[in-house]
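Structure data follow from coords_5.txt (compact mmCIF, C-alpha atoms):
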```
# COMPACT_ATOMS: atom_id res chain seq x y z
CA MET J 21 -22.68 181.16 40.07
CA ILE J 22 -21.66 182.92 36.87
CA MET J 23 -18.48 182.67 34.83
CA VAL J 24 -17.03 186.02 33.80
CA ASP J 25 -15.05 186.35 30.57
CA SER J 26 -11.86 188.36 30.22
CA SER J 27 -13.68 190.90 28.02
CA VAL J 28 -15.74 191.92 31.05
CA TRP J 29 -12.88 191.78 33.57
CA ILE J 30 -10.78 194.02 31.32
CA ASP J 31 -13.61 196.55 31.04
CA TYR J 32 -14.08 196.35 34.81
CA PHE J 33 -10.42 196.97 35.62
CA THR J 34 -10.05 199.76 33.06
CA GLY J 35 -13.20 201.50 34.28
CA ALA J 36 -15.06 201.12 30.98
CA ASP J 37 -18.72 202.05 31.27
CA THR J 38 -20.39 198.91 29.91
CA PRO J 39 -23.50 197.08 31.09
CA GLN J 40 -21.43 193.93 31.64
CA ALA J 41 -18.78 195.68 33.76
CA GLU J 42 -21.57 197.28 35.78
CA LYS J 43 -23.22 193.89 36.30
CA LEU J 44 -19.89 192.43 37.46
CA ASP J 45 -19.49 195.29 39.91
CA ASP J 46 -23.02 194.64 41.21
CA VAL J 47 -22.51 190.90 41.78
CA LEU J 48 -18.95 190.86 43.19
CA GLY J 49 -19.14 189.94 46.85
CA VAL J 50 -22.89 189.29 46.59
CA GLN J 51 -23.15 186.31 44.24
CA PRO J 52 -20.61 183.56 43.51
CA VAL J 53 -18.39 184.52 40.58
CA ALA J 54 -16.09 182.19 38.68
CA ILE J 55 -13.21 182.55 36.29
CA GLY J 56 -11.41 180.00 34.18
CA ASP J 57 -7.67 179.54 34.41
CA LEU J 58 -7.32 180.64 30.77
CA ILE J 59 -9.37 183.76 31.48
CA LEU J 60 -7.23 184.49 34.54
CA THR J 61 -4.13 184.37 32.35
CA GLU J 62 -5.70 186.66 29.75
CA VAL J 63 -6.63 189.24 32.38
CA LEU J 64 -3.48 189.20 34.52
CA LYS J 65 -1.06 189.36 31.60
CA GLY J 66 -2.46 192.74 30.63
CA PHE J 67 -1.42 194.67 33.74
CA ARG J 68 1.58 196.93 33.16
CA HIS J 69 2.03 198.11 36.74
CA ASP J 70 2.79 195.85 39.70
CA LYS J 71 0.36 197.76 41.93
CA ASP J 72 -2.57 197.09 39.57
CA TYR J 73 -1.50 193.47 39.08
CA LYS J 74 -1.39 192.89 42.84
CA ALA J 75 -4.81 194.54 43.33
CA ALA J 76 -6.30 192.26 40.69
CA ARG J 77 -4.68 189.19 42.25
CA LYS J 78 -6.29 190.19 45.56
CA ILE J 79 -9.74 190.37 43.94
CA PHE J 80 -9.25 186.96 42.33
CA GLU J 81 -8.57 185.37 45.72
CA ASP J 82 -12.34 185.50 46.33
CA VAL J 83 -13.28 184.22 42.87
CA THR J 84 -13.69 180.52 42.12
CA THR J 85 -11.13 179.45 39.52
CA PHE J 86 -11.83 176.46 37.27
CA GLU J 87 -9.31 174.49 35.24
CA VAL J 88 -11.16 174.60 31.94
CA LEU J 89 -9.21 172.31 29.64
CA GLY J 90 -8.25 168.65 29.60
CA LYS J 91 -8.58 165.94 26.97
CA GLN J 92 -12.37 165.59 27.09
CA MET J 93 -12.98 169.35 27.07
CA ALA J 94 -10.50 169.72 24.20
CA ILE J 95 -12.46 167.19 22.15
CA LEU J 96 -15.82 168.77 22.99
CA SER J 97 -14.42 172.22 22.12
CA ALA J 98 -13.25 170.96 18.73
CA GLU J 99 -16.67 169.44 18.12
CA ASN J 100 -18.39 172.72 19.00
CA PHE J 101 -16.04 174.69 16.73
CA ARG J 102 -16.77 172.26 13.90
CA ALA J 103 -20.53 172.42 14.52
CA LEU J 104 -20.47 176.21 14.20
CA ARG J 105 -18.19 176.09 11.15
CA LYS J 106 -20.72 173.79 9.45
CA LYS J 107 -23.22 176.62 9.94
CA GLY J 108 -20.80 179.04 8.28
CA ILE J 109 -19.61 180.56 11.57
CA THR J 110 -15.90 180.71 12.37
CA VAL J 111 -15.00 181.69 15.93
CA ARG J 112 -11.87 183.86 15.93
CA LYS J 113 -10.23 182.66 19.15
CA THR J 114 -9.72 179.09 20.28
CA VAL J 115 -9.77 180.16 23.92
CA ASP J 116 -13.33 181.47 23.47
CA VAL J 117 -14.40 178.09 22.07
CA ILE J 118 -12.93 176.39 25.15
CA ILE J 119 -14.56 178.82 27.59
CA ALA J 120 -17.96 178.57 25.89
CA THR J 121 -17.78 174.78 25.79
CA PHE J 122 -16.81 174.59 29.46
CA CYS J 123 -19.76 176.80 30.42
CA ILE J 124 -22.16 174.79 28.26
CA GLU J 125 -21.02 171.51 29.79
CA ARG J 126 -21.13 172.85 33.37
CA GLU J 127 -24.38 174.77 32.75
CA LEU J 128 -22.70 177.97 33.93
CA PRO J 129 -24.05 181.28 32.63
CA LEU J 130 -21.30 183.38 31.04
CA LEU J 131 -21.04 187.15 31.43
CA PHE J 132 -19.32 188.42 28.30
CA SER J 133 -19.08 191.33 25.90
CA ASP J 134 -17.08 189.52 23.20
CA ARG J 135 -19.22 188.85 20.10
CA ASP J 136 -17.57 185.47 19.53
CA PHE J 137 -19.80 183.98 22.23
CA LYS J 138 -23.09 184.93 20.53
CA PRO J 139 -23.15 181.89 18.19
CA PHE J 140 -22.71 179.61 21.20
CA VAL J 141 -25.78 181.21 22.76
CA LYS J 142 -27.83 181.01 19.57
CA HIS J 143 -26.83 177.55 18.35
CA LEU J 144 -25.27 175.53 21.21
CA GLY J 145 -27.13 176.46 24.38
CA LEU J 146 -24.63 178.73 26.13
CA MET J 147 -26.48 180.66 28.84
CA GLU J 148 -25.81 184.39 28.86
CA ALA J 149 -25.51 185.92 32.36
```

Would you mind writing the file out in structure tokens?
Amino acid sequence: MIMVDSSVWIDYFTGADTPQAEKLDDVLGVQPVAIGDLILTEVLKGFRHDKDYKAARKIFEDVTTFEVLGKQMAILSAENFRALRKKGITVRKTVDVIIATFCIERELPLLFSDRDFKPFVKHLGLMEA
């Protein structure tokens, strides 16, 4: 199973020609795909038209959805943010810290195109899908 970040879902739904969107297209329906509840919110809030929103909702019916936060994950996320900051790296979005931490703890590879995840790969053991 792989977790897919909103950066990839957005590229997928907008038809962007990226390696990550292509990989998502290749694995959908073939390999188990997961999304976090925070990622789901990020993706669904971006649809302007009801038709597109409903089509996306239909796709997400077949995708495992994890609840990614909670007290323990919040603490671990803060610790990971602080660990990177001590190395001189500041992650721009809190939600990315939470997603990366969840994937690290669950040993889930993450498919992403957002550069904020690279330090988690390099320094904290996030597996890149």

Using the file's own x, y and z axes, so that the box edges lie along x, y and z, what centre and edge lengths in Å (one decimal) does a box around every listed atom of segment 46-63 of chain J get when 6 Å is added on each side? Give it as lines of an AutoDock Vina configuration file.
```
center_x = -13.6
center_y = 187.1
center_z = 38.3
size_x = 31.0
size_y = 27.1
size_z = 29.1
```

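The interatomic distance for the pair atom CA of Leu130 of chain J and atom CA of Val24 of chain J works out to 5.7 Å.
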
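Residue nearest Ala103 of chain J, chosen from J:Gly90, J:Pro139, J:Gly49, J:Gly66 and counting all atoms listed in the file: J:Pro139.
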
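Minimum atom-to-atom distances from J:Phe86, J:Gln92, J:Val117, J:Glu62 to Arg135 of chain J were compared using all atoms listed in the file, and the lowest value belongs to J:Val117.
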
Considering all atoms listed in the file, return as an MDAnalysis selection string whatever protein or nucleic-acid residues lie within 12 Å of Lys138 of chain J, sequence-local ones (same chain, fewer than 3 positions apart) excluded. chainID J and resid 104 109:111 116:117 120 130:135 141:148

Can you tell me which residues surround Thr121 of chain J at a distance of at most 10 Å, considering all atoms listed in the file, apart from same-chain residues fewer than 5 positions away, and format the answer as a ChimeraX atom specification? /J:88-89,93-101,115-116,126-127,140,144-146

Rounded to one decimal place, report the atom CA of Thr84 of chain J-atom CA of Phe137 of chain J distance in Å. 21.1 Å

Point-to-point distance from atom CA of Phe33 of chain J to atom CA of Asp82 of chain J, Å rounded to tenths: 15.8 Å

Near Arg77 of chain J, counting only C-alpha atoms, which residues have an atom at most 8 Å away, once you skip same-chain residues fewer than 4 positions from it, shown as a VMD selection string? chain J and resid 64 73 81

Close residues, Thr34 of chain J itself excluded, 12 Å, only C-alpha atoms, min 2 positions apart in chain, as a list in words: Ser26, Ser27, Val28, Trp29, Ile30, Asp31, Tyr32, Ala36, Asp37, Thr38, Ala41, Val63, Gly66, Phe67, Arg68, Asp72 and Ala76 of chain J

Nearest candidate to Asp57 of chain J (options J:Pro129, J:Arg105, J:Asp25, J:Lys113; using all atoms listed in the file): J:Asp25

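Here the question is which of J:Ala149, J:Asp136, J:Glu42, J:Lys74 gets nearest to Ala54 of chain J using all atoms listed in the file, and that residue is J:Ala149.
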
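If only C-alpha atoms are the atoms counted, then among J:Lys107, J:His69, J:Ile22, J:Lys43 the closest residue to Ile55 of chain J is J:Ile22.
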